[in-house]
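J.: Submitted below is the structure of interest, expressed as structure tokens.
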Amino acid sequence: MSELGDTIREVIEREPVALFMKGNPRFVMCGNSDRALGALRALGAPVTVVDVLPDPRIRQELSALSGWPTIPQVFVGGELVGGADIIEELAESGELLDTLRARLGEDYATGEERVVDLMTPAR
Amino acid sequence: MKATAPTVTLQELLAGAFPEATELAVHDRTGGGDHFQVVLSTPRFVGLSLVDQHRLVYDALAGPLADGTIHELRIRTKGTP
């Protein structure tokens with residue numbers, strides 16, 4: 001596993017909700033990333049965003065780790081919950097709320113958003 | 001919606017991977033031949049999580065996903081009894 005792969009794994013395991021997307025919350029560069037972010041925001045989830053666009057290796061390493069070929073990818077409590085279609089479907093059925101509560105606790109909804117830049121060495 | 005050449009390829013790949021499907025449709029969302037919507041229902045999906053259901057669709061479409069034929073893919077799956 002490369003250093004970048006290790007860093008991605010750390011983000012997935014450490015962050016309550018990790019969203020790998022195209023762009024960032026201020027400049028969303030893809031409709032599907034926007035759908036996933038919107039569904040998480042609607043539930044007040046704390047979202048840690050990683051933009052995959054700065055370097056194609058981010059996406060390659062992420063997909064190698066998750067076995068999921070497309071972007072966005074949403075992880076809650078270290079586990080892949082899905083891409084945009086699944087996140088929307090689970091949001092509609094109420095299961096996304098159940099998952100957030102079950103994995104992060106009843107008081108998960110801080111609504112905090114932050115961006116992790118994988119291409120800057122010091123964090 | 002017209003059936004572009006890649007639409008037919010995707011349809012054939014999915015039909016080959018899921019011969020038992022009760023519902024299978026591939027739509028070219030933009031007509032540009034690279035944004036697709038897949039709708040797939042099969043008894044094989046019963047009891048599987050959505051992540052696992054979508055993984056099986058991705059597996060069937062690994063070729064066109066890897067070679068860039070598919071720029072964007074929307075998936076709607078269902079387990080049918």
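Residues in the structure tokens are numbered from 1 in each chain, the chains being A, B, ... in the order shown, and ligands are numbered from 1 in the order shown.
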Within 7 Å of chain B, which residues belong to chain A? Use only C-alpha atoms and report them as JSON, numbers by chain.
T.: {"A": [81, 82, 85, 86]}
J.: Go ahead and write the residues just picked, N, CA and C atoms, as an mmCIF file, in the first residue's frame.
T.:
```cif
data_model
loop_
_atom_site.group_PDB
_atom_site.id
_atom_site.type_symbol
_atom_site.label_atom_id
_atom_site.label_comp_id
_atom_site.auth_asym_id
_atom_site.auth_seq_id
_atom_site.Cartn_x
_atom_site.Cartn_y
_atom_site.Cartn_z
ATOM 1 N N VAL A 81 -20.980 3.134 2.660
ATOM 2 C CA VAL A 81 -22.443 3.096 2.659
ATOM 3 C C VAL A 81 -22.968 3.143 1.226
ATOM 4 N N GLY A 82 -22.226 3.811 0.348
ATOM 5 C CA GLY A 82 -22.629 3.787 -1.054
ATOM 6 C C GLY A 82 -22.206 5.010 -1.831
ATOM 7 N N ASP A 85 -26.521 7.244 -5.708
ATOM 8 C CA ASP A 85 -27.840 6.594 -5.841
ATOM 9 C C ASP A 85 -28.262 5.933 -4.536
ATOM 10 N N ILE A 86 -27.325 5.203 -3.926
ATOM 11 C CA ILE A 86 -27.654 4.493 -2.685
ATOM 12 C C ILE A 86 -27.929 5.491 -1.566
#
```
J.: Do you know which residues are at most 9 Å from Gln53 (chain B) counting only C-alpha atoms, after dropping those on the same chain fewer than 5 positions away, and could you put them as a PyMOL selection string?
T.: chain B and resi 44-45+48+58+77-79
J.: Keeping only N, CA and C atoms, write the selected residues as a CSV table (one decimal), in the first residue's frame.
T.:
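Result saved to out26.csv:
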```csv
chain,number,residue,atom,x,y,z
B,44,ARG,N,-31.9,-12.6,-7.3
B,44,ARG,CA,-30.6,-12.7,-6.7
B,44,ARG,C,-30.2,-11.6,-5.7
B,45,PHE,N,-30.9,-10.5,-5.8
B,45,PHE,CA,-30.6,-9.3,-5.0
B,45,PHE,C,-31.4,-9.4,-3.6
B,48,LEU,N,-29.6,-9.0,-0.1
B,48,LEU,CA,-28.3,-8.3,-0.3
B,48,LEU,C,-28.4,-6.8,0.0
B,58,TYR,N,-21.6,-3.4,-11.0
B,58,TYR,CA,-20.3,-2.8,-11.4
B,58,TYR,C,-19.4,-4.0,-11.9
B,77,THR,N,-31.6,-0.7,-8.2
B,77,THR,CA,-31.7,-2.2,-8.2
B,77,THR,C,-32.8,-2.6,-7.2
B,78,LYS,N,-33.3,-3.8,-7.4
B,78,LYS,CA,-34.3,-4.3,-6.5
B,78,LYS,C,-34.3,-5.8,-6.5
B,79,GLY,N,-34.5,-6.4,-5.3
B,79,GLY,CA,-34.6,-7.8,-5.2
B,79,GLY,C,-36.1,-8.2,-5.3
```
J.: Output as a ChimeraX atom specification all residues of chain B that backbone DSSP marks as helix (DSSP H, G or I).
T.: /B:5-17,43-45,50-60,62-66
J.: Could those residues be written to a file, using N, CA and C atoms, as a compact mmCIF listing (two decimals), in the first residue's frame?
T.:
```txt
# COMPACT_ATOMS: atom_id res chain seq x y z
N ALA B 5 -25.21 2.90 -29.39
CA ALA B 5 -24.45 1.64 -29.44
C ALA B 5 -23.98 1.18 -28.06
N PRO B 6 -23.41 2.08 -27.24
CA PRO B 6 -23.00 1.63 -25.90
C PRO B 6 -24.17 1.12 -25.06
N THR B 7 -25.35 1.69 -25.27
CA THR B 7 -26.53 1.24 -24.52
C THR B 7 -26.78 -0.23 -24.78
N VAL B 8 -26.66 -0.62 -26.04
CA VAL B 8 -26.89 -2.01 -26.43
C VAL B 8 -25.82 -2.90 -25.79
N THR B 9 -24.57 -2.44 -25.81
CA THR B 9 -23.47 -3.21 -25.20
C THR B 9 -23.73 -3.44 -23.71
N LEU B 10 -24.12 -2.37 -23.02
CA LEU B 10 -24.39 -2.49 -21.59
C LEU B 10 -25.55 -3.44 -21.32
N GLN B 11 -26.57 -3.30 -22.13
CA GLN B 11 -27.76 -4.16 -22.00
C GLN B 11 -27.35 -5.63 -22.17
N GLU B 12 -26.50 -5.90 -23.15
CA GLU B 12 -26.07 -7.28 -23.41
C GLU B 12 -25.21 -7.82 -22.27
N LEU B 13 -24.31 -6.97 -21.76
CA LEU B 13 -23.45 -7.40 -20.64
C LEU B 13 -24.30 -7.75 -19.42
N LEU B 14 -25.29 -6.90 -19.14
CA LEU B 14 -26.13 -7.13 -17.97
C LEU B 14 -27.05 -8.34 -18.17
N ALA B 15 -27.57 -8.49 -19.37
CA ALA B 15 -28.43 -9.65 -19.67
C ALA B 15 -27.63 -10.94 -19.53
N GLY B 16 -26.34 -10.89 -19.92
CA GLY B 16 -25.48 -12.06 -19.79
C GLY B 16 -25.18 -12.39 -18.33
N ALA B 17 -24.99 -11.34 -17.52
CA ALA B 17 -24.64 -11.53 -16.11
C ALA B 17 -25.86 -11.86 -15.25
N PRO B 43 -34.21 -11.80 -8.51
CA PRO B 43 -34.33 -12.52 -7.23
C PRO B 43 -32.98 -12.64 -6.52
N ARG B 44 -31.89 -12.57 -7.29
CA ARG B 44 -30.56 -12.72 -6.69
C ARG B 44 -30.25 -11.60 -5.71
N PHE B 45 -30.92 -10.48 -5.83
CA PHE B 45 -30.64 -9.34 -4.96
C PHE B 45 -31.38 -9.41 -3.62
N LEU B 50 -27.73 -2.79 -0.55
CA LEU B 50 -27.65 -2.03 -1.79
C LEU B 50 -26.21 -1.98 -2.29
N VAL B 51 -25.26 -1.85 -1.34
CA VAL B 51 -23.85 -1.82 -1.74
C VAL B 51 -23.48 -3.11 -2.48
N ASP B 52 -23.90 -4.24 -1.94
CA ASP B 52 -23.58 -5.51 -2.60
C ASP B 52 -24.32 -5.66 -3.93
N GLN B 53 -25.56 -5.17 -4.00
CA GLN B 53 -26.30 -5.21 -5.26
C GLN B 53 -25.58 -4.39 -6.34
N HIS B 54 -25.18 -3.18 -5.96
CA HIS B 54 -24.50 -2.32 -6.93
C HIS B 54 -23.14 -2.89 -7.32
N ARG B 55 -22.47 -3.54 -6.36
CA ARG B 55 -21.18 -4.16 -6.67
C ARG B 55 -21.33 -5.20 -7.79
N LEU B 56 -22.41 -5.96 -7.74
CA LEU B 56 -22.62 -6.98 -8.78
C LEU B 56 -22.87 -6.33 -10.14
N VAL B 57 -23.55 -5.19 -10.14
CA VAL B 57 -23.75 -4.45 -11.40
C VAL B 57 -22.41 -3.92 -11.91
N TYR B 58 -21.63 -3.36 -11.00
CA TYR B 58 -20.31 -2.84 -11.39
C TYR B 58 -19.44 -3.97 -11.95
N ASP B 59 -19.50 -5.15 -11.31
CA ASP B 59 -18.71 -6.29 -11.79
C ASP B 59 -19.08 -6.62 -13.23
N ALA B 60 -20.37 -6.64 -13.51
CA ALA B 60 -20.83 -6.99 -14.86
C ALA B 60 -20.39 -5.94 -15.88
N ALA B 62 -17.60 -4.04 -15.62
CA ALA B 62 -16.21 -3.67 -15.32
C ALA B 62 -15.48 -3.17 -16.58
N GLY B 63 -15.73 -3.83 -17.72
CA GLY B 63 -15.05 -3.44 -18.96
C GLY B 63 -15.34 -2.00 -19.35
N PRO B 64 -16.62 -1.69 -19.62
CA PRO B 64 -16.95 -0.31 -20.02
C PRO B 64 -16.69 0.73 -18.93
N LEU B 65 -16.65 0.31 -17.65
CA LEU B 65 -16.30 1.27 -16.60
C LEU B 65 -14.81 1.59 -16.67
N ALA B 66 -14.00 0.57 -16.95
CA ALA B 66 -12.55 0.76 -16.96
C ALA B 66 -12.08 1.48 -18.21
```
J.: Would you work out the distance separating CA of Ala45 (chain A) from CA of Arg57 (chain A), expressed in Å to one decimal?
T.: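 We find that CA of Ala45 (chain A) and CA of Arg57 (chain A) lie 27.3 Å from each other.
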J.: I'd like to know which of A:Gln73, A:Thr99, A:Thr120, A:Thr7 is closest to Val49 (chain A), using only C-alpha atoms.
T.: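 Looking at the shortest contact to Val49 (chain A), the residue is A:Gln73.
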J.: Considering only C-alpha atoms, return as a list in words whatever protein or nucleic-acid residues lie within 10 Å of Pro54 (chain A), sequence-local ones (same chain, fewer than 6 positions apart) excluded.
T.: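 Final neighbour list, sorted by chain and number: Lys22, Gly23, Asp117, Leu118 and Met119 of chain A.
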J.: Export N, CA and C atoms of the chosen residues as a compact mmCIF listing (two decimals), in the first residue's frame?
T.:
```
# COMPACT_ATOMS: atom_id res chain seq x y z
N LYS A 22 -16.08 14.93 -6.24
CA LYS A 22 -15.42 15.78 -7.22
C LYS A 22 -15.70 17.23 -6.86
N GLY A 23 -14.66 17.94 -6.45
CA GLY A 23 -14.82 19.31 -6.00
C GLY A 23 -14.89 19.35 -4.48
N ASP A 117 -7.24 17.97 2.64
CA ASP A 117 -6.45 18.05 1.41
C ASP A 117 -5.37 16.97 1.45
N LEU A 118 -5.54 15.93 0.64
CA LEU A 118 -4.61 14.80 0.69
C LEU A 118 -3.27 15.13 0.05
N MET A 119 -3.24 16.19 -0.75
CA MET A 119 -2.02 16.49 -1.48
C MET A 119 -1.08 17.42 -0.70
```
J.: Please provide the set of residues having any atom within 12 Å of Glu106 (chain A), restricted to only C-alpha atoms, with same-chain residues fewer than 5 positions apart removed, written as a count of residues only.
T.: 7
J.: Quick one: pick out all strand (DSSP E) residues within chain B from a backbone DSSP run and write them as a list in words.
T.: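 DSSP on the backbone gives strand (DSSP E) at Glu23, Leu24, Ala25, Val26, His27, Asp28, His35, Phe36, Gln37, Val38, Val39, Leu40, Ser41, Thr42, Glu72, Leu73, Arg74, Ile75, Arg76, Thr77, Lys78 and Gly79 of chain B.
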J.: Save the residues we just selected, C-alpha atoms, as a PDB file, in the first residue's frame?
T.:
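The new file part_28.pdb reads:
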```
ATOM      1  CA  GLU B  23     -36.583  -6.225 -15.076  1.00  0.00           C
ATOM      2  CA  LEU B  24     -33.622  -4.869 -17.003  1.00  0.00           C
ATOM      3  CA  ALA B  25     -33.345  -1.511 -18.703  1.00  0.00           C
ATOM      4  CA  VAL B  26     -30.454   0.690 -19.775  1.00  0.00           C
ATOM      5  CA  HIS B  27     -31.172   4.300 -20.651  1.00  0.00           C
ATOM      6  CA  ASP B  28     -28.810   6.757 -22.261  1.00  0.00           C
ATOM      7  CA  HIS B  35     -24.294   8.797 -19.172  1.00  0.00           C
ATOM      8  CA  PHE B  36     -26.417   5.792 -18.297  1.00  0.00           C
ATOM      9  CA  GLN B  37     -29.224   4.743 -16.022  1.00  0.00           C
ATOM     10  CA  VAL B  38     -29.502   1.047 -15.231  1.00  0.00           C
ATOM     11  CA  VAL B  39     -32.672  -0.407 -13.741  1.00  0.00           C
ATOM     12  CA  LEU B  40     -32.345  -4.009 -12.646  1.00  0.00           C
ATOM     13  CA  SER B  41     -34.543  -6.324 -10.618  1.00  0.00           C
ATOM     14  CA  THR B  42     -33.605  -9.893  -9.886  1.00  0.00           C
ATOM     15  CA  GLU B  72     -21.570   8.372 -15.406  1.00  0.00           C
ATOM     16  CA  LEU B  73     -23.712   5.518 -14.203  1.00  0.00           C
ATOM     17  CA  ARG B  74     -26.913   5.650 -12.196  1.00  0.00           C
ATOM     18  CA  ILE B  75     -28.156   2.409 -10.752  1.00  0.00           C
ATOM     19  CA  ARG B  76     -31.529   1.405  -9.347  1.00  0.00           C
ATOM     20  CA  THR B  77     -31.724  -2.176  -8.177  1.00  0.00           C
ATOM     21  CA  LYS B  78     -34.340  -4.289  -6.470  1.00  0.00           C
ATOM     22  CA  GLY B  79     -34.604  -7.816  -5.184  1.00  0.00           C
TER      23      GLY B  79
END
```
J.: Please provide the set of residues having any atom within 9 Å of Arg9 (chain A), restricted to only C-alpha atoms, with same-chain residues fewer than 5 positions apart removed, written as a VMD selection string.
T.: chain A and resid 4 14 62 65 78
J.: Would you list the contacts of Phe27 (chain A) as a list of chain:residue names, taking every protein, DNA or RNA residue within 12 Å and counting only C-alpha atoms, but skipping same-chain residues closer than 3 positions in sequence?
T.: A:Met21, A:Lys22, A:Gly23, A:Asn24, A:Cys30, A:Gly31, A:Ser33, A:Asp34, A:Leu37, A:Val49, A:Asp51, A:Leu53, A:Val115
J.: Restricting the output to C-alpha atoms, write the selected residues as a JSON list (two decimals), in the first residue's frame.
T.:
```
[["chain", "number", "residue", "atom", "x", "y", "z"],
["A", 21, "MET", "CA", -16.26, 13.75, -4.16],
["A", 22, "LYS", "CA", -15.42, 15.78, -7.22],
["A", 23, "GLY", "CA", -14.82, 19.31, -6.00],
["A", 24, "ASN", "CA", -15.55, 20.59, -2.50],
["A", 30, "CYS", "CA", -20.29, 16.91, -10.35],
["A", 31, "GLY", "CA", -24.03, 16.38, -10.05],
["A", 33, "SER", "CA", -21.30, 14.45, -5.71],
["A", 34, "ASP", "CA", -23.83, 17.21, -5.14],
["A", 37, "LEU", "CA", -23.52, 15.94, -0.18],
["A", 49, "VAL", "CA", -14.81, 15.98, 2.38],
["A", 51, "ASP", "CA", -11.72, 16.18, -3.27],
["A", 53, "LEU", "CA", -9.84, 15.83, -8.55],
["A", 115, "VAL", "CA", -12.18, 19.50, 3.88]]
```
J.: Which residues, written as a VMD selection string, have at least one atom at most 7 Å from Val74 (chain A), with only C-alpha atoms counted and residues fewer than 3 positions away on the same chain left out?
T.: chain A and resid 18 to 20 80 to 83
J.: Quick check, in Å to one decimal: how far apart do CA of Ala91 (chain A) and CA of Arg29 (chain B) lie?
T.: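 The value is 22.9 Å.
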